[in-house]
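Novice: Okay, here's the structure, questions in a sec.
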Amino acid sequence: MKEHPLLLSAPMVLAALAGRKHITRRILSKHNTLIDGKMWGQSKCKWRHMKFDRTMLMEGKLVIACVNDCDFALHTITPIYRPGDVVWFKETHAACLGCAFEPGNPVLYRADAKQDYDKLRWRSSMFMPRWASRIVRPIIGAHIERVQDITEEQAEREGVAWFSTEGTTAEKTFIATKYPNGYRTNFMLLWDLLRPKPNQHWKDNPLVIAIEFNDEVRP
């Protein structure tokens, strides 16, 4: 069993704590994949050599050619995440006022948004240690797909709301009427908000890994 840390935004932290988030999607990279069942450092093919403009998805795996192969062999890219592995989520956090940031002391989380939280010295989610994580879940599956392949049901399992919680009742009704696929629409909006880098936008339809987990709480 392996443990995998992943960053999680505040809205998705709340969705996970409420039991609404059961899956997360991450941009495909050499850091979260294997090539032919091996780490990238063990292969003669490098990430930069892969022809991502000529790929084929088969049963959640990516079949792709490598430009430095003399025999024009095809290679298989798969997620590093396996059923039985554990994912632990990293979020913005802080030590309580007057406390040292160390195991055994209370940890506060920005997503909880208490009124006195502005007085705290917040630490980026990137630097959260394993012991401070409050969301640890067992992985039950992972597969590769295009981000636009997400269905309405899958978008709901991502934890997004049906429509915006802001605005008047009339505005909310308008949004729900205009966009019948409310979960998928809001997933698209959240995706673009959290991923401003080129070639990662919804319109670019990037390759992603969908990581599914259940609600069983792990220590």
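Each chain in the structure tokens gets a letter, A, B, ..., in the order shown, and its residues are numbered from 1; ligands are numbered from 1 in order too.
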Find the residues around Lys21 (chain A) up to 6 Å (only C-alpha atoms counted), leave out those fewer than 4 positions away in its own chain, and share them as a list of chain:residue names.
Specialist: A:Ala15, A:Ala16, A:Arg157, A:Glu158, A:Gly159
Novice: Find the residues around Asn68 (chain A) up to 12 Å (only C-alpha atoms counted), leave out those fewer than 4 positions away in its own chain, and share them as a PyMOL selection string.
Specialist: chain A and resi 43-51+72-74
Novice: Find the residues near region 115-131 of chain A: any atom within 8 Å, counting only C-alpha atoms, skip ones fewer than 2 places away on the same chain, and give them as a list in words.
Specialist: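 The contact residues come out as Pro5, Leu7, Leu8, Trp88, Lys90, Glu91, Thr92, His93, Ala94, Ala95, Cys96, Leu97, Pro103, Arg110, Ala113 and Ser133 of chain A.
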Novice: Go ahead and save the picked residues with C-alpha atoms, as a compact mmCIF listing (two decimals), in the first residue's frame.
Specialist:
```
# COMPACT_ATOMS: atom_id res chain seq x y z
CA PRO A 5 -0.60 13.40 -1.14
CA LEU A 7 -3.73 19.33 -2.90
CA LEU A 8 -7.38 20.19 -2.33
CA TRP A 88 -4.34 12.12 1.86
CA LYS A 90 -3.34 18.79 1.74
CA GLU A 91 -5.09 22.07 2.53
CA THR A 92 -4.23 25.55 3.83
CA HIS A 93 -3.63 25.26 7.56
CA ALA A 94 -2.12 26.88 10.65
CA ALA A 95 -1.15 26.24 14.23
CA CYS A 96 -3.49 27.65 16.86
CA LEU A 97 -2.49 30.95 18.46
CA PRO A 103 2.26 16.61 16.14
CA ARG A 110 -8.63 27.79 6.43
CA ALA A 113 -13.47 30.08 7.78
CA SER A 133 -4.08 16.01 7.25
```
Novice: Just how far from CA of Tyr183 (chain A) is CA of Glu152 (chain A), in Å to one decimal?
Specialist: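 Interatomic distance, CA of Glu152 (chain A) to CA of Tyr183 (chain A): 5.9 Å.
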Novice: Taking only region 17-190 of chain A into account, list the residues labelled helix (DSSP H, G or I) by DSSP (computed from the backbone), as a PyMOL selection string.
Specialist: chain A and resi 17+40-42+47-49+110-112+115-119+125-127+130-132+147-149+152-157+169-178+182-190
Novice: What would the file look like if the residues just selected were written as a CSV table (one decimal), in the first residue's frame with N, CA and C atoms?
Specialist:
```csv
chain,number,residue,atom,x,y,z
A,17,LEU,N,-15.5,16.7,3.4
A,17,LEU,CA,-15.9,16.5,4.8
A,17,LEU,C,-17.4,16.2,4.9
A,40,TRP,N,9.2,6.4,-14.8
A,40,TRP,CA,9.8,7.0,-16.0
A,40,TRP,C,11.3,7.0,-16.0
A,41,GLY,N,11.9,7.0,-14.9
A,41,GLY,CA,13.4,7.0,-14.8
A,41,GLY,C,14.0,5.7,-15.2
A,42,GLN,N,13.1,4.6,-15.2
A,42,GLN,CA,13.6,3.3,-15.6
A,42,GLN,C,13.3,3.0,-17.1
A,47,TRP,N,9.4,11.7,-21.0
A,47,TRP,CA,8.1,12.4,-21.1
A,47,TRP,C,8.1,13.3,-22.4
A,48,ARG,N,9.2,14.0,-22.6
A,48,ARG,CA,9.2,14.9,-23.7
A,48,ARG,C,9.2,14.2,-25.1
A,49,HIS,N,9.5,12.9,-25.1
A,49,HIS,CA,9.5,12.2,-26.3
A,49,HIS,C,8.2,11.6,-26.7
A,110,ARG,N,-8.1,26.6,7.0
A,110,ARG,CA,-8.6,27.8,6.4
A,110,ARG,C,-10.0,27.6,5.9
A,111,ALA,N,-10.3,26.4,5.4
A,111,ALA,CA,-11.6,26.1,4.8
A,111,ALA,C,-12.7,26.3,5.8
A,112,ASP,N,-12.4,26.1,7.1
A,112,ASP,CA,-13.5,26.2,8.1
A,112,ASP,C,-13.9,27.7,8.3
A,115,GLN,N,-14.3,33.4,12.2
A,115,GLN,CA,-14.1,34.8,12.1
A,115,GLN,C,-12.7,35.3,12.6
A,116,ASP,N,-12.2,34.6,13.6
A,116,ASP,CA,-10.9,35.0,14.2
A,116,ASP,C,-9.7,34.4,13.4
A,117,TYR,N,-10.0,33.8,12.3
A,117,TYR,CA,-8.9,33.1,11.5
A,117,TYR,C,-7.9,34.1,10.9
A,118,ASP,N,-8.4,35.4,10.7
A,118,ASP,CA,-7.5,36.3,10.0
A,118,ASP,C,-6.3,36.6,10.9
A,119,LYS,N,-6.3,36.3,12.1
A,119,LYS,CA,-5.2,36.6,13.0
A,119,LYS,C,-4.1,35.5,12.9
A,125,SER,N,-1.0,25.0,1.5
A,125,SER,CA,-1.3,23.5,1.5
A,125,SER,C,-0.2,22.7,0.9
A,126,MET,N,0.7,23.3,0.1
A,126,MET,CA,1.9,22.6,-0.4
A,126,MET,C,2.8,22.0,0.7
A,127,PHE,N,2.8,22.7,1.9
A,127,PHE,CA,3.7,22.4,2.9
A,127,PHE,C,3.0,21.6,4.1
A,130,ARG,N,2.0,15.0,6.6
A,130,ARG,CA,1.0,14.0,6.6
A,130,ARG,C,0.3,14.0,7.9
A,131,TRP,N,0.9,14.2,9.1
A,131,TRP,CA,0.3,14.1,10.4
A,131,TRP,C,-0.8,15.2,10.5
A,132,ALA,N,-0.8,16.3,9.8
A,132,ALA,CA,-1.7,17.4,9.9
A,132,ALA,C,-3.0,17.2,9.1
A,147,VAL,N,-10.7,15.5,-19.8
A,147,VAL,CA,-11.5,16.1,-18.8
A,147,VAL,C,-12.9,16.3,-19.3
A,148,GLN,N,-13.1,16.5,-20.6
A,148,GLN,CA,-14.5,16.7,-21.0
A,148,GLN,C,-15.3,15.4,-21.1
A,149,ASP,N,-14.7,14.3,-20.8
A,149,ASP,CA,-15.4,13.1,-20.8
A,149,ASP,C,-16.3,12.9,-19.5
A,152,GLU,N,-22.5,14.0,-16.0
A,152,GLU,CA,-23.2,14.7,-15.0
A,152,GLU,C,-23.1,14.0,-13.7
A,153,GLU,N,-23.2,12.7,-13.7
A,153,GLU,CA,-23.1,11.9,-12.5
A,153,GLU,C,-21.7,12.0,-11.9
A,154,GLN,N,-20.7,11.9,-12.7
A,154,GLN,CA,-19.3,12.0,-12.2
A,154,GLN,C,-19.0,13.4,-11.6
A,155,ALA,N,-19.6,14.4,-12.3
A,155,ALA,CA,-19.4,15.8,-11.8
A,155,ALA,C,-20.0,16.0,-10.4
A,156,GLU,N,-21.1,15.3,-10.2
A,156,GLU,CA,-21.8,15.4,-8.9
A,156,GLU,C,-20.9,14.7,-7.9
A,157,ARG,N,-20.2,13.6,-8.2
A,157,ARG,CA,-19.4,12.8,-7.3
A,157,ARG,C,-18.1,13.6,-7.1
A,169,THR,N,-32.9,34.1,-5.6
A,169,THR,CA,-33.6,32.9,-6.0
A,169,THR,C,-33.8,32.9,-7.5
A,170,ALA,N,-34.2,34.1,-8.0
A,170,ALA,CA,-34.5,34.1,-9.4
A,170,ALA,C,-33.2,33.8,-10.3
A,171,GLU,N,-32.1,34.3,-9.8
A,171,GLU,CA,-30.8,34.1,-10.5
A,171,GLU,C,-30.5,32.6,-10.5
A,172,LYS,N,-30.7,32.0,-9.3
A,172,LYS,CA,-30.3,30.6,-9.2
A,172,LYS,C,-31.2,29.8,-10.1
A,173,THR,N,-32.5,30.1,-10.1
A,173,THR,CA,-33.4,29.4,-11.0
A,173,THR,C,-33.1,29.6,-12.4
A,174,PHE,N,-32.6,30.7,-12.8
A,174,PHE,CA,-32.2,31.0,-14.2
A,174,PHE,C,-31.0,30.1,-14.6
A,175,ILE,N,-30.0,30.1,-13.7
A,175,ILE,CA,-28.8,29.3,-13.9
A,175,ILE,C,-29.2,27.8,-14.1
A,176,ALA,N,-30.1,27.3,-13.2
A,176,ALA,CA,-30.5,25.9,-13.2
A,176,ALA,C,-31.3,25.6,-14.5
A,177,THR,N,-32.0,26.6,-15.0
A,177,THR,CA,-32.8,26.4,-16.2
A,177,THR,C,-31.9,26.5,-17.4
A,178,LYS,N,-31.0,27.4,-17.4
A,178,LYS,CA,-30.2,27.7,-18.6
A,178,LYS,C,-29.2,26.5,-18.8
A,182,GLY,N,-26.2,20.9,-14.6
A,182,GLY,CA,-25.7,21.9,-13.6
A,182,GLY,C,-24.4,21.4,-13.0
A,183,TYR,N,-24.3,20.2,-12.6
A,183,TYR,CA,-23.0,19.7,-11.9
A,183,TYR,C,-21.9,19.8,-12.9
A,184,ARG,N,-22.1,19.4,-14.1
A,184,ARG,CA,-21.0,19.4,-15.1
A,184,ARG,C,-20.6,20.8,-15.5
A,185,THR,N,-21.6,21.7,-15.6
A,185,THR,CA,-21.3,23.1,-15.9
A,185,THR,C,-20.4,23.7,-14.8
A,186,ASN,N,-20.8,23.5,-13.5
A,186,ASN,CA,-20.0,24.1,-12.4
A,186,ASN,C,-18.7,23.4,-12.2
A,187,PHE,N,-18.6,22.2,-12.6
A,187,PHE,CA,-17.3,21.5,-12.6
A,187,PHE,C,-16.4,22.2,-13.6
A,188,MET,N,-16.9,22.5,-14.8
A,188,MET,CA,-16.1,23.2,-15.8
A,188,MET,C,-15.6,24.6,-15.3
A,189,LEU,N,-16.5,25.3,-14.7
A,189,LEU,CA,-16.2,26.6,-14.2
A,189,LEU,C,-15.1,26.5,-13.1
A,190,LEU,N,-15.2,25.6,-12.2
A,190,LEU,CA,-14.3,25.4,-11.1
A,190,LEU,C,-12.9,24.9,-11.7
```
Novice: Please provide as a list of chain:residue names all residues within 8 Å of Gly37 (chain A), with the sequence filter that same-chain residues fewer than 4 positions apart are discarded (counting only C-alpha atoms).
Specialist: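 With the cut-off at 8 Å, the set is A:Thr76, A:Ile77, A:Thr78.
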Novice: Could you check which of A:Val107, A:Ile80, A:Leu57, A:Val87 is closest to Val136 (chain A), using only C-alpha atoms?
Specialist: A:Val87
